[in-house]
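Novice: mmCIF, C-alpha atoms, file final_6.cif:
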data_protein
#
loop_
_atom_site.label_atom_id
_atom_site.label_comp_id
_atom_site.auth_asym_id
_atom_site.auth_seq_id
_atom_site.Cartn_x
_atom_site.Cartn_y
_atom_site.Cartn_z
CA MET A 1 -17.42 49.90 -12.78
CA LEU A 2 -15.75 46.68 -13.87
CA SER A 3 -12.71 47.69 -11.93
CA ARG A 4 -14.82 48.02 -8.73
CA ARG A 5 -16.67 44.75 -9.09
CA ILE A 6 -13.80 42.45 -9.94
CA PRO A 7 -12.02 42.63 -6.55
CA TRP A 8 -15.18 41.75 -4.59
CA LEU A 9 -16.09 38.91 -6.90
CA ALA A 10 -12.64 37.41 -6.91
CA ALA A 11 -12.11 37.91 -3.17
CA SER A 12 -15.38 36.16 -2.29
CA LEU A 13 -14.52 33.24 -4.55
CA VAL A 14 -11.05 32.94 -3.02
CA LEU A 15 -12.48 32.98 0.51
CA SER A 16 -15.23 30.46 -0.22
CA LEU A 17 -12.73 27.94 -1.49
CA ALA A 18 -9.98 28.46 1.08
CA CYS A 19 -11.38 25.92 3.56
CA ALA A 20 -12.03 23.36 0.85
CA SER A 21 -8.43 23.71 -0.31
CA VAL A 22 -7.23 22.52 3.12
CA ARG A 23 -9.30 19.38 2.58
CA THR A 24 -7.66 18.87 -0.83
CA ASP A 25 -4.22 19.14 0.77
CA HIS A 26 -5.27 16.63 3.42
CA ALA A 27 -6.64 14.29 0.74
CA ARG A 28 -3.37 14.56 -1.23
CA THR A 29 -1.37 13.65 1.90
CA VAL A 30 -3.60 10.67 2.69
CA ALA A 31 -3.53 9.57 -0.97
CA THR A 32 0.29 9.68 -0.96
CA ALA A 33 0.41 7.59 2.22
CA GLY A 34 -2.29 5.24 0.91
CA ALA A 35 -0.41 4.58 -2.33
CA ALA A 36 2.82 3.97 -0.37
CA SER A 37 0.97 1.63 1.97
CA ALA A 38 -0.42 -0.37 -0.96
CA ARG A 39 3.07 -0.72 -2.46
CA ALA A 40 4.51 -1.82 0.88
CA MET A 41 1.64 -4.29 1.35
CA ASP A 42 2.36 -5.80 -2.07
CA ALA A 43 6.01 -6.27 -1.07
CA VAL A 44 4.90 -7.86 2.22
CA LEU A 45 2.56 -10.22 0.34
CA VAL A 46 5.40 -11.30 -1.96
CA LEU A 47 7.64 -11.81 1.08
CA ALA A 48 4.87 -13.88 2.73
CA GLU A 49 4.54 -16.03 -0.42
CA GLU A 50 8.25 -16.69 -0.72
CA THR A 51 8.76 -17.34 2.99
CA ALA A 52 5.76 -19.69 3.10
CA VAL A 53 6.95 -21.71 0.08
CA ASP A 54 10.54 -21.92 1.35
CA ALA A 55 9.44 -22.91 4.88
CA ASP A 56 7.05 -25.51 3.44
CA SER A 57 9.87 -26.98 1.34
CA ALA A 58 12.20 -27.04 4.36
CA ARG A 59 9.53 -28.85 6.40
CA ALA A 60 8.92 -31.38 3.62
CA LEU A 61 12.66 -32.08 3.56
CA SER A 62 12.84 -32.44 7.33
CA GLU A 63 9.74 -34.68 7.47
CA SER A 64 11.02 -37.00 4.75
CA GLY A 65 14.23 -37.81 6.64
CA GLY A 66 14.62 -41.58 7.25
CA LEU A 67 11.49 -42.52 5.26
CA ALA A 68 11.01 -45.06 2.47
CA ARG A 69 9.98 -43.96 -1.04
CA ASP A 70 6.20 -44.39 -0.55
CA SER A 71 6.18 -42.50 2.72
CA ARG A 72 8.24 -39.72 1.16
CA ARG A 73 5.63 -39.41 -1.59
CA GLN A 74 2.91 -39.18 1.06
CA VAL A 75 4.79 -36.37 2.80
CA LEU A 76 5.03 -34.45 -0.47
CA GLU A 77 1.29 -34.93 -1.13
CA ARG A 78 0.48 -33.47 2.29
CA HIS A 79 2.39 -30.34 1.29
CA GLU A 80 0.40 -29.63 -1.85
CA GLY A 81 -1.81 -27.16 0.07
CA ILE A 82 0.94 -24.56 -0.32
CA ILE A 83 -0.03 -24.13 -3.99
CA ALA A 84 -3.56 -23.08 -3.03
CA LEU A 85 -2.17 -20.78 -0.31
CA VAL A 86 -0.03 -19.01 -2.91
CA GLY A 87 -3.20 -18.67 -5.07
CA ASP A 88 -4.95 -16.96 -2.13
CA LEU A 89 -2.01 -14.60 -1.62
CA GLU A 90 -1.96 -13.74 -5.32
CA ARG A 91 -5.67 -12.79 -5.16
CA LEU A 92 -4.89 -10.55 -2.21
CA ARG A 93 -2.06 -8.96 -4.21
CA ARG A 94 -4.47 -8.15 -7.04
CA HIS A 95 -6.83 -6.51 -4.59
CA THR A 96 -4.03 -4.54 -2.92
CA LYS A 97 -2.95 -3.27 -6.35
CA LEU A 98 -6.52 -2.14 -6.96
CA LEU A 99 -6.44 -0.19 -3.68
CA GLY A 100 -3.14 1.36 -4.84
CA ARG A 101 -4.85 2.43 -8.10
CA TYR A 102 -7.64 4.01 -6.05
CA PHE A 103 -5.17 6.12 -4.05
CA ASP A 104 -3.29 7.03 -7.26
CA ALA A 105 -6.60 8.27 -8.74
CA LEU A 106 -7.31 10.24 -5.55
CA HIS A 107 -3.83 11.74 -5.74
CA SER A 108 -4.35 12.78 -9.39
CA LEU A 109 -7.65 14.41 -8.46
CA THR A 110 -5.93 16.49 -5.78
CA GLU A 111 -3.03 17.62 -8.00
CA THR A 112 -3.36 21.39 -8.49
CA GLU A 113 -0.73 21.98 -11.21
CA GLY A 114 -3.47 22.62 -13.80
CA ASP A 115 -5.00 25.29 -11.57
CA VAL A 116 -1.63 27.05 -11.35
CA ARG A 117 -1.27 27.01 -15.17
CA ALA A 118 -4.76 28.52 -15.54
CA ARG A 119 -3.86 31.17 -12.99
CA GLU A 120 -0.66 32.09 -14.84
CA ALA A 121 -2.52 32.32 -18.15
CA ALA A 122 -5.15 34.58 -16.56
CA ALA A 123 -2.43 36.78 -15.05
CA GLN A 124 -0.95 37.23 -18.53
CA ALA A 125 -4.40 37.97 -19.98
CA ALA A 126 -5.13 40.53 -17.24
CA SER A 127 -1.83 42.20 -17.93
CA ALA A 128 -2.53 42.26 -21.68
CA ALA A 129 -6.03 43.69 -21.09
CA SER A 130 -4.54 46.38 -18.88
CA ASP A 131 -2.01 47.28 -21.58
CA LEU A 132 -4.89 47.38 -24.08
CA GLY A 133 -6.78 49.91 -21.88
CA ARG A 134 -3.69 52.07 -21.72
CA GLU A 135 -3.33 51.95 -25.50
CA LEU A 136 -7.02 52.77 -26.14
CA SER A 137 -7.78 55.40 -23.56
CA GLY A 138 -4.46 56.39 -22.12
CA SER A 139 -5.48 55.03 -18.69
CA THR A 140 -5.14 51.58 -17.16
CA LEU A 141 -8.26 49.43 -17.38
CA LEU A 142 -7.21 47.34 -14.35
CA THR A 143 -5.15 48.25 -11.32
CA ALA A 144 -2.31 45.97 -10.15
CA SER A 145 -4.57 44.68 -7.37
CA ASP A 146 -7.37 43.91 -9.86
CA ARG A 147 -4.97 42.01 -12.07
CA ASP A 148 -3.75 39.96 -9.12
CA LEU A 149 -7.27 39.07 -8.02
CA LEU A 150 -8.30 38.21 -11.59
CA ALA A 151 -5.37 35.82 -11.78
CA LYS A 152 -6.34 34.23 -8.47
CA SER A 153 -9.92 33.77 -9.52
CA ALA A 154 -9.05 32.22 -12.89
CA GLY A 155 -8.03 28.85 -11.47
CA LEU A 156 -11.03 28.79 -9.15
CA ALA A 157 -13.43 27.23 -11.65
CA ALA A 158 -11.14 24.22 -11.99
CA ARG A 159 -10.46 24.17 -8.27
CA GLY A 160 -14.15 24.37 -7.44
CA ALA A 161 -14.85 21.40 -9.71
CA ARG A 162 -11.98 19.53 -8.07
CA GLU A 163 -13.27 20.21 -4.54
CA ALA A 164 -16.80 19.18 -5.51
CA ALA A 165 -15.51 15.94 -7.08
CA LEU A 166 -13.48 15.18 -3.94
CA SER A 167 -16.49 15.77 -1.68
CA ARG A 168 -18.65 13.54 -3.88
CA GLU A 169 -16.02 10.79 -3.83
CA LEU A 170 -15.55 10.88 -0.05
CA GLU A 171 -19.28 10.81 0.49
CA ALA A 172 -19.85 7.98 -1.99
CA HIS A 173 -17.00 5.64 -1.07
CA GLY A 174 -15.41 7.03 2.13
CA ALA A 175 -17.01 4.43 4.40
CA ALA A 176 -16.09 1.54 2.07
CA ILE A 177 -12.44 2.66 1.93
CA GLU A 178 -12.42 2.96 5.72
CA GLN A 179 -13.50 -0.69 5.97
CA GLU A 180 -11.00 -1.61 3.28
CA LEU A 181 -8.17 -0.06 5.31
CA ALA A 182 -9.34 -1.92 8.42
CA LEU A 183 -9.21 -5.19 6.45
CA GLN A 184 -5.78 -4.34 5.06
CA GLN A 185 -4.59 -3.77 8.63
CA ALA A 186 -6.02 -7.16 9.69
CA LEU A 187 -4.30 -8.74 6.68
CA LEU A 188 -1.00 -7.16 7.63
CA VAL A 189 -1.30 -8.52 11.18
CA ALA A 190 -2.06 -12.04 9.83
CA LEU A 191 0.83 -11.85 7.34
CA ARG A 192 3.19 -10.61 10.00
CA ARG A 193 2.40 -13.65 12.18
CA SER A 194 2.81 -16.05 9.22
CA ILE A 195 6.07 -14.49 8.08
CA ARG A 196 7.47 -14.52 11.61
CA VAL A 197 6.53 -18.20 12.13
CA ASP A 198 7.72 -19.33 8.68
CA SER A 199 10.90 -17.34 8.98
CA ALA A 200 11.64 -18.93 12.38
CA SER A 201 10.94 -22.42 10.94
CA LEU A 202 13.21 -21.76 8.00
CA ARG A 203 16.05 -20.69 10.27
CA GLU A 204 15.51 -23.53 12.73
CA LEU A 205 15.41 -26.22 10.05
CA ALA A 206 18.31 -24.65 8.14
CA ALA A 207 20.33 -24.50 11.37
CA GLN A 208 19.86 -28.28 11.81
CA ARG A 209 20.18 -29.29 8.14
CA ASP A 210 22.91 -26.94 6.90
CA VAL A 211 24.83 -26.07 10.06
CA ALA A 212 24.52 -28.57 12.94
CA ALA A 213 24.24 -31.85 10.97
CA PRO A 214 27.24 -31.28 8.62
CA PHE A 215 29.33 -30.04 11.55
CA VAL A 216 28.48 -32.92 13.95
CA ASN A 217 28.85 -35.56 11.22
CA ASP A 218 32.10 -33.98 10.00
CA ALA A 219 30.51 -33.68 6.56
CA ILE A 220 31.26 -30.05 5.62
CA ALA A 221 31.97 -30.12 1.88
CA ASP A 222 32.79 -26.42 1.54
CA ALA A 223 33.83 -24.44 4.63
CA ARG A 224 32.96 -21.08 3.04
CA VAL A 225 29.42 -22.25 2.26
CA TRP A 226 29.03 -23.60 5.79
CA ILE A 227 30.21 -20.28 7.28
CA SER A 228 27.79 -18.40 5.05
CA ASN A 229 24.93 -20.73 6.03
CA ARG A 230 25.71 -20.26 9.70
CA ARG A 231 25.79 -16.48 9.29
CA SER A 232 22.36 -16.49 7.64
CA VAL A 233 20.79 -18.45 10.52
CA VAL A 234 22.52 -16.44 13.27
CA LEU A 235 21.98 -12.85 12.05
CA PRO A 236 18.40 -11.54 12.50
CA PRO A 237 16.30 -10.98 9.34
CA PRO A 238 15.73 -7.17 9.20
CA ALA A 239 12.43 -7.08 7.28
CA VAL A 240 10.48 -9.18 9.79
CA GLU A 241 11.03 -6.70 12.63
CA SER A 242 10.03 -3.74 10.40
CA LEU A 243 6.61 -5.29 9.84
CA GLY A 244 5.58 -4.13 13.33
CA ASN A 245 6.15 -0.51 12.28
CA ALA A 246 4.13 -1.14 9.11
CA ALA A 247 1.18 -2.31 11.22
CA ASP A 248 1.37 0.91 13.30
CA ALA A 249 1.53 2.96 10.08
CA ALA A 250 -1.55 1.16 8.74
CA SER A 251 -3.40 2.13 11.93
CA ARG A 252 -2.42 5.80 11.56
CA LEU A 253 -3.46 5.79 7.89
CA ARG A 254 -6.90 4.55 8.91
CA GLY A 255 -7.15 7.39 11.44
CA ALA A 256 -6.09 9.97 8.84
CA TRP A 257 -8.66 8.63 6.35
CA ALA A 258 -11.45 8.77 8.95
CA ALA A 259 -10.45 12.38 9.73
CA LEU A 260 -10.48 13.27 6.03
CA VAL A 261 -13.92 11.78 5.47
CA SER A 262 -15.40 13.52 8.51
CA GLY A 263 -13.70 16.85 7.69
CA ARG A 264 -11.44 16.92 10.76
CA PHE A 265 -7.96 18.33 10.14
CA ASP A 266 -4.92 17.54 12.23
CA GLY A 267 -1.54 18.90 11.09
CA THR A 268 0.47 16.65 13.40
CA ALA A 269 -1.34 13.57 12.11
CA TRP A 270 -0.64 14.65 8.50
CA SER A 271 3.10 14.89 9.21
CA ALA A 272 3.05 11.45 10.87
CA VAL A 273 1.21 9.90 7.92
CA LEU A 274 3.67 11.46 5.44
CA ALA A 275 6.63 10.18 7.50
CA ASP A 276 4.95 6.75 7.54
CA ALA A 277 4.66 6.86 3.75
CA GLU A 278 8.44 7.29 3.50
CA ASP A 279 9.03 4.47 5.99
CA LEU A 280 6.65 2.15 4.12
CA LEU A 281 8.39 2.83 0.80
CA ALA A 282 11.73 2.15 2.53
CA LEU A 283 10.31 -1.12 3.89
CA ALA A 284 9.10 -2.18 0.42
CA HIS A 285 12.56 -1.32 -0.96
CA SER A 286 14.35 -3.24 1.81
CA ILE A 287 12.17 -6.32 1.24
CA ARG A 288 12.96 -6.24 -2.48
CA GLU A 289 16.66 -5.82 -1.76
CA THR A 290 16.62 -8.75 0.71
CA ARG A 291 15.00 -11.01 -1.91
CA ARG A 292 17.68 -10.29 -4.52
CA MET B 1 -7.97 -12.77 18.36
CA THR B 2 -10.76 -15.17 17.30
CA ALA B 3 -10.88 -18.80 18.52
CA ARG B 4 -9.75 -19.99 15.08
CA ALA B 5 -6.86 -17.54 14.91
CA ASP B 6 -5.93 -18.51 18.47
CA LEU B 7 -5.93 -22.22 17.53
CA LEU B 8 -3.79 -21.49 14.48
CA GLU B 9 -1.28 -19.53 16.53
CA LYS B 10 -1.09 -22.26 19.21
CA LEU B 11 -0.59 -25.01 16.62
CA ARG B 12 2.17 -23.03 14.95
CA THR B 13 4.04 -21.85 18.04
CA LYS B 14 3.22 -24.36 20.79
CA VAL B 15 3.04 -27.59 18.79
CA ARG B 16 4.98 -27.39 15.53
CA ALA B 17 7.79 -25.00 16.53
CA PRO B 18 9.06 -27.10 19.51
CA VAL B 19 8.99 -30.25 17.35
CA GLU B 20 10.97 -28.49 14.61
CA ARG B 21 13.43 -27.20 17.19
CA ARG B 22 14.14 -30.73 18.46
CA ALA B 23 13.44 -32.68 15.26
CA ASP B 24 16.90 -34.26 15.03
CA GLU B 25 16.89 -35.43 18.65
CA ILE B 26 13.38 -36.89 18.30
CA LEU B 27 14.25 -38.70 15.06
CA ASP B 28 17.41 -40.13 16.64
CA GLY B 29 15.23 -41.40 19.51
CA PHE B 30 13.36 -43.77 17.17
CA GLY B 31 16.51 -45.81 16.54
CA ASP B 32 15.51 -48.85 14.44
CA ASP B 33 11.76 -48.33 14.86
CA ASN B 34 11.09 -47.43 11.22
CA GLU B 35 7.33 -47.80 11.55
CA GLY B 36 7.22 -45.40 14.50
CA LEU B 37 9.49 -42.99 12.67
CA ALA B 38 7.27 -43.04 9.55
CA ALA B 39 4.12 -42.49 11.65
CA PHE B 40 5.77 -39.55 13.43
CA GLN B 41 6.97 -37.94 10.20
CA LEU B 42 3.57 -38.35 8.52
CA ALA B 43 1.89 -36.89 11.61
CA ARG B 44 4.17 -33.86 11.27
CA ALA B 45 3.14 -33.53 7.61
CA ASP B 46 -0.55 -33.85 8.65
CA LEU B 47 -0.05 -31.06 11.17
CA ASP B 48 1.49 -28.89 8.44
CA ALA B 49 -1.47 -29.59 6.16
CA LEU B 50 -3.92 -28.62 8.94
CA ILE B 51 -2.02 -25.40 9.67
CA THR B 52 -1.94 -24.52 5.96
CA ARG B 53 -5.70 -25.10 5.78
CA LEU B 54 -6.30 -22.80 8.78
CA GLU B 55 -4.00 -20.16 7.25
CA ARG B 56 -5.95 -20.37 4.01
CA ASP B 57 -9.25 -20.01 5.90
CA GLU B 58 -7.92 -16.88 7.60
CA LEU B 59 -6.71 -15.34 4.33
CA ARG B 60 -9.85 -16.31 2.42
CA ALA B 61 -12.08 -14.67 5.05
CA ILE B 62 -10.16 -11.41 4.56
CA ASP B 63 -10.15 -11.86 0.78
CA GLN B 64 -13.93 -12.33 0.69
CA SER B 65 -14.48 -9.19 2.76
CA LEU B 66 -12.12 -7.27 0.47
CA ALA B 67 -13.87 -8.62 -2.62
CA ALA B 68 -17.13 -7.16 -1.28
CA HIS B 69 -15.59 -3.67 -1.71
CA GLN B 70 -14.10 -4.31 -5.13
CA SER B 71 -17.01 -2.79 -7.07
CA GLU B 72 -16.86 0.35 -4.87
CA LEU B 73 -13.14 0.71 -5.49
CA LEU B 74 -13.61 0.34 -9.25
CA ALA B 75 -16.50 2.82 -9.22
CA GLY B 76 -14.39 5.31 -7.23
CA ILE B 77 -11.47 4.99 -9.66
CA HIS B 78 -13.80 5.43 -12.66
CA GLU B 79 -15.67 8.42 -11.19
CA MET B 80 -12.48 10.18 -10.09
CA GLY B 81 -11.07 9.63 -13.60
CA GLU B 82 -14.12 11.32 -15.12
CA SER B 83 -14.00 14.18 -12.59
CA LEU B 84 -10.31 14.68 -13.30
CA HIS B 85 -11.09 14.89 -17.02
CA SER B 86 -13.69 17.63 -16.32
CA VAL B 87 -11.26 19.53 -14.09
CA LYS B 88 -8.54 19.34 -16.73
CA THR B 89 -10.99 20.57 -19.35
CA LEU B 90 -11.82 23.59 -17.17
CA SER B 91 -8.14 24.32 -16.53
CA HIS B 92 -7.41 24.00 -20.23
CA ALA B 93 -10.34 26.31 -21.08
CA ALA B 94 -9.00 28.91 -18.64
CA GLU B 95 -5.56 28.65 -20.24
CA ILE B 96 -7.01 29.04 -23.76
CA PHE B 97 -9.15 31.97 -22.63
CA GLY B 98 -6.11 33.69 -21.17
CA THR B 99 -4.04 33.10 -24.29
CA VAL B 100 -6.80 34.34 -26.64
CA VAL B 101 -7.45 37.50 -24.57
CA GLY B 102 -3.72 38.20 -24.52
CA LEU B 103 -3.46 37.78 -28.29
CA VAL B 104 -6.52 39.95 -28.98
CA ALA B 105 -5.14 42.66 -26.73
CA ARG B 106 -1.86 42.65 -28.62
CA ILE B 107 -3.59 42.67 -32.02
CA VAL B 108 -5.87 45.57 -31.05
CA ALA B 109 -2.91 47.49 -29.63
CA LEU B 110 -1.03 47.05 -32.91
CA ALA B 111 -4.01 48.13 -35.08
#
Rewrite the structure from the file as structure tokens, please.

Specialist:
Amino acid sequence: MLSRRIPWLAASLVLSLACASVRTDHARTVATAGAASARAMDAVLVLAEETAVDADSARALSESGGLARDSRRQVLERHEGIIALVGDLERLRRHTKLLGRYFDALHSLTETEGDVRAREAAAQAASAASDLGRELSGSTLLTASDRDLLAKSAGLAARGAREAALSRELEAHGAAIEQELALQQALLVALRRSIRVDSASLRELAAQRDVAAPFVNDAIADARVWISNRRSVVLPPPAVESLGNAADAASRLRGAWAALVSGRFDGTAWSAVLADAEDLLALAHSIRETRR
Amino acid sequence: MTARADLLEKLRTKVRAPVERRADEILDGFGDDNEGLAAFQLARADLDALITRLERDELRAIDQSLAAHQSELLAGIHEMGESLHSVKTLSHAAEIFGTVVGLVARIVALA
């Protein structure tokens, strides 16, 4: 009797959770991309801070040229706003880290390693119970198929709880995270403009101060340093151009999140979001390398 | 792009950038006019201060909108942590159940 009931019970449980499992996979993909995006955004915020401070210092230097002491002090005072700007960027970094923690939590919730362990333990138990039947009555208590289905059904309790928690979370905070991602995208666009402008200022002012002026005035103290300075203002900064790709990735992440919340599944979009995650991590790495 | 963002972009790219590009030429043009030079340099610093203020306004508007979601993010992290704990407990219970059944089976078989 038990042998007849077990396959139906287990099979129905497996089928009922199959669709939900696709959603978990989707959620894990989006969580991976979301966490990568938060890390890349943090790197972009640090780059924006450093570029803004350096450009502000270069401007203060340029604007103090030919001025008397009092006027130079006034120039410096007019540049004190940069301290508050850095404070704003630091607040945004804290928030971005919080978003990263959210996606890490979502990723942990969609990790199914525990379900696999439960399934393996159940498979061992089913095998042991079958051996026990053979010992007691000389016949197998469970067929091979029964044992397989028992093993499959063992992890389902944990998986069911996981799916229910994911559904609850998406329903409770899905819309807020969608808005959050839209704001992060707007932030990235604003930062990209600032970094591009500050980076251009830095290069322009450095080209005049460290390259043109010493050359024209025949005041190059160290030729190697001058050559190095000239190289740094002539070669394009790689990270600035990559920020355009990051903005596109942020847009695709928003789309993937909206699809997840509304239960729409798109395999091509998943692959794109996962590829974006790798690109964003590479961007964060390249920004860190450039700053060293 | 909003009017404010548009103004910020124009000030940065159409006003400040060309001045920075030709700063040395412009400064040379003042010759001995130190007063004119000082006024020009302080005007440049004023423009920088205005641009920084507009940049801060832009960032603070985004920051305030993000801050409005902070409690939701924290609640989500907390709730998912609790759910994960429950899921792990269930997985662990299934593992223990499997181990115990396996042990009992072996003990009975040996008896």

Novice: From the set B:Ala49, B:Leu11, B:Ser71, B:Ala61, which residue has the shortest atom-to-atom contact distance to chain A, counting all atoms listed in the file?

Specialist: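 Smallest separation from chain A among the options: B:Ala49.
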
Novice: So that I can check the surroundings of Leu99 in chain A, please list as a VMD selection string every protein, DNA and RNA residue that reaches within 12 Å of it, counting only C-alpha atoms and ignoring chain neighbours fewer than 6 positions away.

Specialist: (chain A and resid 31 33 to 42 92 to 93 105 to 106 176 to 181 183 to 184) or (chain B and resid 66 to 67 69 to 77)

Novice: Taking into account all atoms listed in the file, which residue in the set A:Ile195, A:Ala250, A:Gln208, A:Phe265 is nearest to chain B?

Specialist: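 Among A:Ile195, A:Ala250, A:Gln208, A:Phe265, it is A:Gln208 that comes nearest to chain B.
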
Novice: If the PyMOL selection byres ((chain B and resi 54) around 12) were run on this exact file, what residues would it hold? Put them as a compact mmCIF listing (two decimals) with C-alpha atoms, keeping the file's coordinate frame.

Specialist:
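Once written, out_21.txt looks like this:
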# COMPACT_ATOMS: atom_id res chain seq x y z
CA GLY A 81 -1.81 -27.16 0.07
CA ILE A 82 0.94 -24.56 -0.32
CA LEU A 85 -2.17 -20.78 -0.31
CA ALA A 190 -2.06 -12.04 9.83
CA SER A 194 2.81 -16.05 9.22
CA ALA B 3 -10.88 -18.80 18.52
CA ARG B 4 -9.75 -19.99 15.08
CA ALA B 5 -6.86 -17.54 14.91
CA ASP B 6 -5.93 -18.51 18.47
CA LEU B 7 -5.93 -22.22 17.53
CA LEU B 8 -3.79 -21.49 14.48
CA GLU B 9 -1.28 -19.53 16.53
CA LYS B 10 -1.09 -22.26 19.21
CA LEU B 11 -0.59 -25.01 16.62
CA ARG B 12 2.17 -23.03 14.95
CA LEU B 47 -0.05 -31.06 11.17
CA ASP B 48 1.49 -28.89 8.44
CA ALA B 49 -1.47 -29.59 6.16
CA LEU B 50 -3.92 -28.62 8.94
CA ILE B 51 -2.02 -25.40 9.67
CA THR B 52 -1.94 -24.52 5.96
CA ARG B 53 -5.70 -25.10 5.78
CA GLU B 55 -4.00 -20.16 7.25
CA ARG B 56 -5.95 -20.37 4.01
CA ASP B 57 -9.25 -20.01 5.90
CA GLU B 58 -7.92 -16.88 7.60
CA LEU B 59 -6.71 -15.34 4.33
CA ARG B 60 -9.85 -16.31 2.42
CA ALA B 61 -12.08 -14.67 5.05

Novice: A:Pro214, A:Gly66, A:Gly87, A:Gly267: which is nearest Glu49 in chain A, counting all atoms listed in the file?

Specialist: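 Going through A:Pro214, A:Gly66, A:Gly87, A:Gly267 one by one, the smallest distance to Glu49 in chain A is for A:Gly87.
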
Novice: If you measure from CA of Leu280 in chain A to CA of Ala246 in chain A, what distance in Å do you get, rounded to one decimal?

Specialist: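 Going from CA of Leu280 in chain A over to CA of Ala246 in chain A covers 6.5 Å.
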
Novice: Using all atoms listed in the file, which protein or nucleic acid residues come within 9 Å of Ser86 in chain B? Drop anything in the same chain fewer than 3 positions from it, and give the result as number ranges by chain.

Specialist: A: 158, 161-162; B: 81-83, 89-91

Novice: In Å to one decimal, how far is CA of Arg101 in chain A from CA of Glu171 in chain A?

Specialist: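 It comes out at 18.8 Å.
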
Novice: Residues picked by the PyMOL selection byres ((chain A and resi 57) around 12) here, as a PyMOL selection string?

Specialist: (chain A and resi 50-56+58-64+75-83+198+201-202+205-206) or (chain B and resi 45+48)
